[in-house]
Amino acid sequence: MRTLLTLYTLLFLCTPAYAQVDIGMGLDPSMYSPNAESSGPVKITDEPYAKVLADYLLASKSTDYWQTLAISSAAPARDLSLVLRRGFGRNELLTLLIIAEAGRLRLDELTKRRVKGARLRELSVEQSLDYTQLRSDVEKVKAELVRKMPVKISENQDDGKTRSGTAADRKKPKE
């Protein structure tokens, strides 16, 4: 009996202390300690493609365009970045912008319908747009935007030099 009691005591003392406090999802008291380093609020940066797209649209569209689509004219790149971060692709975003402009619809209405399963072809037909022509227009605009996008070359490429520029600035290597 005495050995059994000693054995239980040893087992109880050998259990790790954190196991008694841990909730089971990686939450523990150290998360709330005042000494824990905190980076503060997460700053959302704009996507490079959204910046280029916003600059392109700012140069070619009036302020009426931004009001119709319900996009902030003060920070359109941020609004477009949020759409891209929600999982929409570049072509899809451009297509939705053209459809929204043609139908004078809000961009968020179209994105909600798209999330619910509406096809781009259906949305374009509702606004009396030819989908094949729409796709070719999107490809032209996308090609122009990609040429204007900033490109960063990492240090392990191109003789260890880090440079930035646009895709149009890149030169083909000599053979």
# chains A, B, ... in the order shown; residues from 1 in each chain; ligands from 1
call {"tool": "select_by_dssp", "arguments": {"residues": "segment 36-166 of chain A", "states": "strand (DSSP E or B)", "output": "short mmCIF file (atom, residue, chain, number, x, y, z; two decimals) with N, CA, C and O atoms, in the first residue's frame"}}
result
data_model
loop_
_atom_site.label_atom_id
_atom_site.label_comp_id
_atom_site.auth_asym_id
_atom_site.auth_seq_id
_atom_site.Cartn_x
_atom_site.Cartn_y
_atom_site.Cartn_z
N PRO A 150 5.72 46.82 -61.03
CA PRO A 150 7.10 46.80 -60.55
C PRO A 150 7.59 45.38 -60.38
O PRO A 150 6.85 44.51 -59.93
N VAL A 151 8.82 45.16 -60.76
CA VAL A 151 9.41 43.84 -60.67
C VAL A 151 10.65 43.96 -59.80
O VAL A 151 11.50 44.81 -60.03
N LYS A 152 10.76 43.11 -58.80
CA LYS A 152 11.95 43.10 -57.97
C LYS A 152 12.74 41.84 -58.27
O LYS A 152 12.18 40.74 -58.28
N SER A 164 15.04 47.25 -58.97
CA SER A 164 13.60 47.25 -59.19
C SER A 164 13.33 48.02 -60.47
O SER A 164 14.14 48.80 -60.92
N GLY A 165 12.18 47.80 -61.02
CA GLY A 165 11.80 48.46 -62.24
C GLY A 165 10.45 47.94 -62.67
O GLY A 165 9.69 47.44 -61.86
N THR A 166 10.14 48.05 -63.94
CA THR A 166 8.89 47.51 -64.44
C THR A 166 9.20 46.41 -65.45
O THR A 166 10.34 46.27 -65.90
#
call {"tool": "residues_around", "arguments": {"residues": "Leu110 of chain A", "least_positions_apart": "2", "cutoff": "10 Å", "atoms": "only C-alpha atoms", "output": "ChimeraX atom specification"}}
result
/A:69,96-97,99-100,105-108,112-116,118,120,123
call {"tool": "write_last_selection", "arguments": {"atoms": "all heavy atoms", "output": "compact mmCIF listing (two decimals), in the first residue's frame"}}
result
# COMPACT_ATOMS: atom_id res chain seq x y z
N LEU A 69 -19.13 52.74 -58.71
CA LEU A 69 -18.66 51.43 -58.28
C LEU A 69 -18.52 51.32 -56.77
O LEU A 69 -18.25 50.25 -56.25
CB LEU A 69 -17.32 51.11 -58.93
CG LEU A 69 -17.37 50.40 -60.27
CD1 LEU A 69 -18.10 51.18 -61.31
CD2 LEU A 69 -16.00 50.04 -60.73
N LEU A 96 -15.11 42.09 -63.65
CA LEU A 96 -16.15 42.65 -62.78
C LEU A 96 -16.19 44.17 -62.85
O LEU A 96 -17.26 44.78 -62.82
CB LEU A 96 -15.93 42.19 -61.34
CG LEU A 96 -16.21 40.72 -61.05
CD1 LEU A 96 -15.78 40.36 -59.65
CD2 LEU A 96 -17.68 40.40 -61.26
N LEU A 97 -15.03 44.81 -62.97
CA LEU A 97 -14.99 46.27 -63.09
C LEU A 97 -15.67 46.74 -64.37
O LEU A 97 -16.42 47.72 -64.37
CB LEU A 97 -13.55 46.78 -63.02
CG LEU A 97 -12.89 46.74 -61.65
CD1 LEU A 97 -11.40 47.03 -61.77
CD2 LEU A 97 -13.55 47.72 -60.71
N ILE A 99 -17.95 45.07 -66.13
CA ILE A 99 -19.39 44.78 -66.02
C ILE A 99 -20.07 45.81 -65.12
O ILE A 99 -21.16 46.31 -65.43
CB ILE A 99 -19.63 43.35 -65.49
CG1 ILE A 99 -19.16 42.32 -66.53
CG2 ILE A 99 -21.09 43.12 -65.15
CD1 ILE A 99 -19.13 40.89 -66.01
N ALA A 100 -19.42 46.14 -64.01
CA ALA A 100 -19.99 47.13 -63.09
C ALA A 100 -20.12 48.49 -63.75
O ALA A 100 -21.12 49.20 -63.56
CB ALA A 100 -19.13 47.23 -61.84
N LEU A 105 -23.28 49.44 -61.71
CA LEU A 105 -23.52 48.67 -60.50
C LEU A 105 -22.37 48.87 -59.53
O LEU A 105 -21.27 49.24 -59.92
CB LEU A 105 -23.64 47.18 -60.83
CG LEU A 105 -24.72 46.78 -61.81
CD1 LEU A 105 -24.52 45.33 -62.23
CD2 LEU A 105 -26.07 46.96 -61.17
N ARG A 106 -22.63 48.58 -58.26
CA ARG A 106 -21.59 48.62 -57.25
C ARG A 106 -20.73 47.36 -57.38
O ARG A 106 -21.24 46.28 -57.62
CB ARG A 106 -22.19 48.71 -55.86
CG ARG A 106 -22.95 49.98 -55.60
CD ARG A 106 -23.70 49.90 -54.29
NE ARG A 106 -22.86 49.48 -53.18
CZ ARG A 106 -22.43 50.29 -52.21
NH1 ARG A 106 -22.79 51.54 -52.21
NH2 ARG A 106 -21.66 49.82 -51.25
N LEU A 107 -19.42 47.52 -57.20
CA LEU A 107 -18.51 46.38 -57.30
C LEU A 107 -18.80 45.35 -56.21
O LEU A 107 -18.76 44.15 -56.48
CB LEU A 107 -17.06 46.85 -57.20
CG LEU A 107 -15.99 45.77 -57.33
CD1 LEU A 107 -16.06 45.11 -58.70
CD2 LEU A 107 -14.61 46.35 -57.08
N ASP A 108 -19.13 45.79 -55.01
CA ASP A 108 -19.39 44.83 -53.94
C ASP A 108 -20.65 44.00 -54.20
O ASP A 108 -20.73 42.85 -53.79
CB ASP A 108 -19.46 45.52 -52.57
CG ASP A 108 -20.54 46.58 -52.47
OD1 ASP A 108 -21.08 46.99 -53.52
OD2 ASP A 108 -20.85 47.01 -51.34
N LYS A 112 -20.46 39.92 -54.36
CA LYS A 112 -21.36 39.07 -53.55
C LYS A 112 -22.06 38.05 -54.43
O LYS A 112 -22.19 36.88 -54.08
CB LYS A 112 -22.39 39.93 -52.82
CG LYS A 112 -21.82 40.69 -51.65
CD LYS A 112 -22.88 41.57 -51.02
CE LYS A 112 -22.26 42.45 -49.95
NZ LYS A 112 -23.22 43.40 -49.40
N ARG A 113 -22.54 38.50 -55.60
CA ARG A 113 -23.22 37.58 -56.52
C ARG A 113 -22.24 36.53 -57.03
O ARG A 113 -22.59 35.37 -57.21
CB ARG A 113 -23.82 38.35 -57.68
CG ARG A 113 -25.02 39.18 -57.24
CD ARG A 113 -25.69 39.87 -58.37
NE ARG A 113 -26.18 38.91 -59.36
CZ ARG A 113 -26.56 39.26 -60.58
NH1 ARG A 113 -26.53 40.52 -60.97
NH2 ARG A 113 -26.98 38.34 -61.42
N ARG A 114 -21.00 36.94 -57.25
CA ARG A 114 -19.98 36.01 -57.74
C ARG A 114 -19.66 34.96 -56.69
O ARG A 114 -19.49 33.78 -57.00
CB ARG A 114 -18.73 36.81 -58.10
CG ARG A 114 -17.67 36.00 -58.76
CD ARG A 114 -17.95 35.81 -60.22
NE ARG A 114 -16.82 35.12 -60.81
CZ ARG A 114 -16.87 33.88 -61.27
NH1 ARG A 114 -18.00 33.22 -61.26
NH2 ARG A 114 -15.82 33.32 -61.75
N VAL A 115 -19.58 35.37 -55.43
CA VAL A 115 -19.32 34.42 -54.34
C VAL A 115 -20.45 33.43 -54.21
O VAL A 115 -20.23 32.25 -53.91
CB VAL A 115 -19.09 35.19 -53.00
CG1 VAL A 115 -19.13 34.26 -51.82
CG2 VAL A 115 -17.78 35.95 -53.05
N LYS A 116 -21.68 33.88 -54.48
CA LYS A 116 -22.84 32.99 -54.39
C LYS A 116 -22.91 32.02 -55.56
O LYS A 116 -23.76 31.13 -55.58
CB LYS A 116 -24.13 33.80 -54.31
CG LYS A 116 -24.29 34.51 -52.99
CD LYS A 116 -25.58 35.29 -52.95
CE LYS A 116 -25.71 36.03 -51.64
NZ LYS A 116 -26.93 36.84 -51.60
N ALA A 118 -22.64 33.06 -59.17
CA ALA A 118 -22.98 33.61 -60.48
C ALA A 118 -21.76 33.55 -61.39
O ALA A 118 -20.64 33.84 -60.97
CB ALA A 118 -23.46 35.06 -60.34
N LEU A 120 -19.41 34.70 -64.65
CA LEU A 120 -19.08 35.96 -65.29
C LEU A 120 -19.87 36.14 -66.59
O LEU A 120 -20.29 37.24 -66.92
CB LEU A 120 -17.58 36.05 -65.57
CG LEU A 120 -16.69 36.20 -64.34
CD1 LEU A 120 -15.23 36.10 -64.74
CD2 LEU A 120 -16.96 37.50 -63.64
N LEU A 123 -23.32 37.38 -65.71
CA LEU A 123 -23.29 38.78 -65.30
C LEU A 123 -23.11 39.71 -66.51
O LEU A 123 -23.73 40.78 -66.58
CB LEU A 123 -22.18 39.02 -64.29
CG LEU A 123 -22.32 38.30 -62.94
CD1 LEU A 123 -21.07 38.50 -62.10
CD2 LEU A 123 -23.55 38.78 -62.20
call {"tool": "closest_residue", "arguments": {"among": "A:Glu109, A:Asp46, A:Glu139, A:Glu144", "to": "Leu94 of chain A", "atoms": "only C-alpha atoms"}}
result
A:Glu139
call {"tool": "closest_residue", "arguments": {"among": "A:Tyr8, A:Ala54, A:Gly87, A:Arg78", "to": "Leu145 of chain A", "atoms": "only C-alpha atoms"}}
result
A:Ala54
call {"tool": "atom_distance", "arguments": {"atom1": "atom CA of Val52 of chain A", "atom2": "atom CA of Thr132 of chain A"}}
result
24.6 Å
call {"tool": "atom_distance", "arguments": {"atom1": "atom CA of Asp137 of chain A", "atom2": "atom CA of Ser72 of chain A"}}
result
24.3 Å
call {"tool": "residues_around", "arguments": {"residues": "segment 73-76 of chain A", "least_positions_apart": "3", "cutoff": "8 Å", "atoms": "only C-alpha atoms", "output": "ChimeraX atom specification"}}
result
/A:54,63,66-67,79-80
call {"tool": "residues_around", "arguments": {"residues": "Ala102 of chain A", "least_positions_apart": "5", "cutoff": "9 Å", "atoms": "only C-alpha atoms", "output": "ChimeraX atom specification"}}
result
/A:97,124,127-129
call {"tool": "write_last_selection", "arguments": {"atoms": "N, CA, C and O atoms", "output": "short mmCIF file (atom, residue, chain, number, x, y, z; two decimals), in the first residue's frame"}}
result
data_model
loop_
_atom_site.label_atom_id
_atom_site.label_comp_id
_atom_site.auth_asym_id
_atom_site.auth_seq_id
_atom_site.Cartn_x
_atom_site.Cartn_y
_atom_site.Cartn_z
N LEU A 97 -15.03 44.81 -62.97
CA LEU A 97 -14.99 46.27 -63.09
C LEU A 97 -15.67 46.74 -64.37
O LEU A 97 -16.42 47.72 -64.37
N SER A 124 -22.28 39.28 -67.45
CA SER A 124 -22.06 40.12 -68.63
C SER A 124 -23.28 40.15 -69.54
O SER A 124 -23.62 41.19 -70.11
N GLN A 127 -25.92 42.57 -68.52
CA GLN A 127 -25.62 43.97 -68.84
C GLN A 127 -25.48 44.19 -70.35
O GLN A 127 -24.97 45.22 -70.78
N SER A 128 -25.91 43.22 -71.14
CA SER A 128 -25.88 43.27 -72.61
C SER A 128 -24.46 43.43 -73.15
O SER A 128 -24.21 44.19 -74.08
N LEU A 129 -23.51 42.72 -72.57
CA LEU A 129 -22.13 42.74 -73.03
C LEU A 129 -21.80 41.41 -73.70
O LEU A 129 -22.23 40.35 -73.24
#
call {"tool": "atom_distance", "arguments": {"atom1": "atom CA of Val138 of chain A", "atom2": "atom CA of Ile44 of chain A"}}
result
26.9 Å
call {"tool": "closest_residue", "arguments": {"among": "A:Arg85, A:Thr45, A:Glu101, A:Leu93", "to": "Ser62 of chain A", "atoms": "only C-alpha atoms"}}
result
A:Glu101
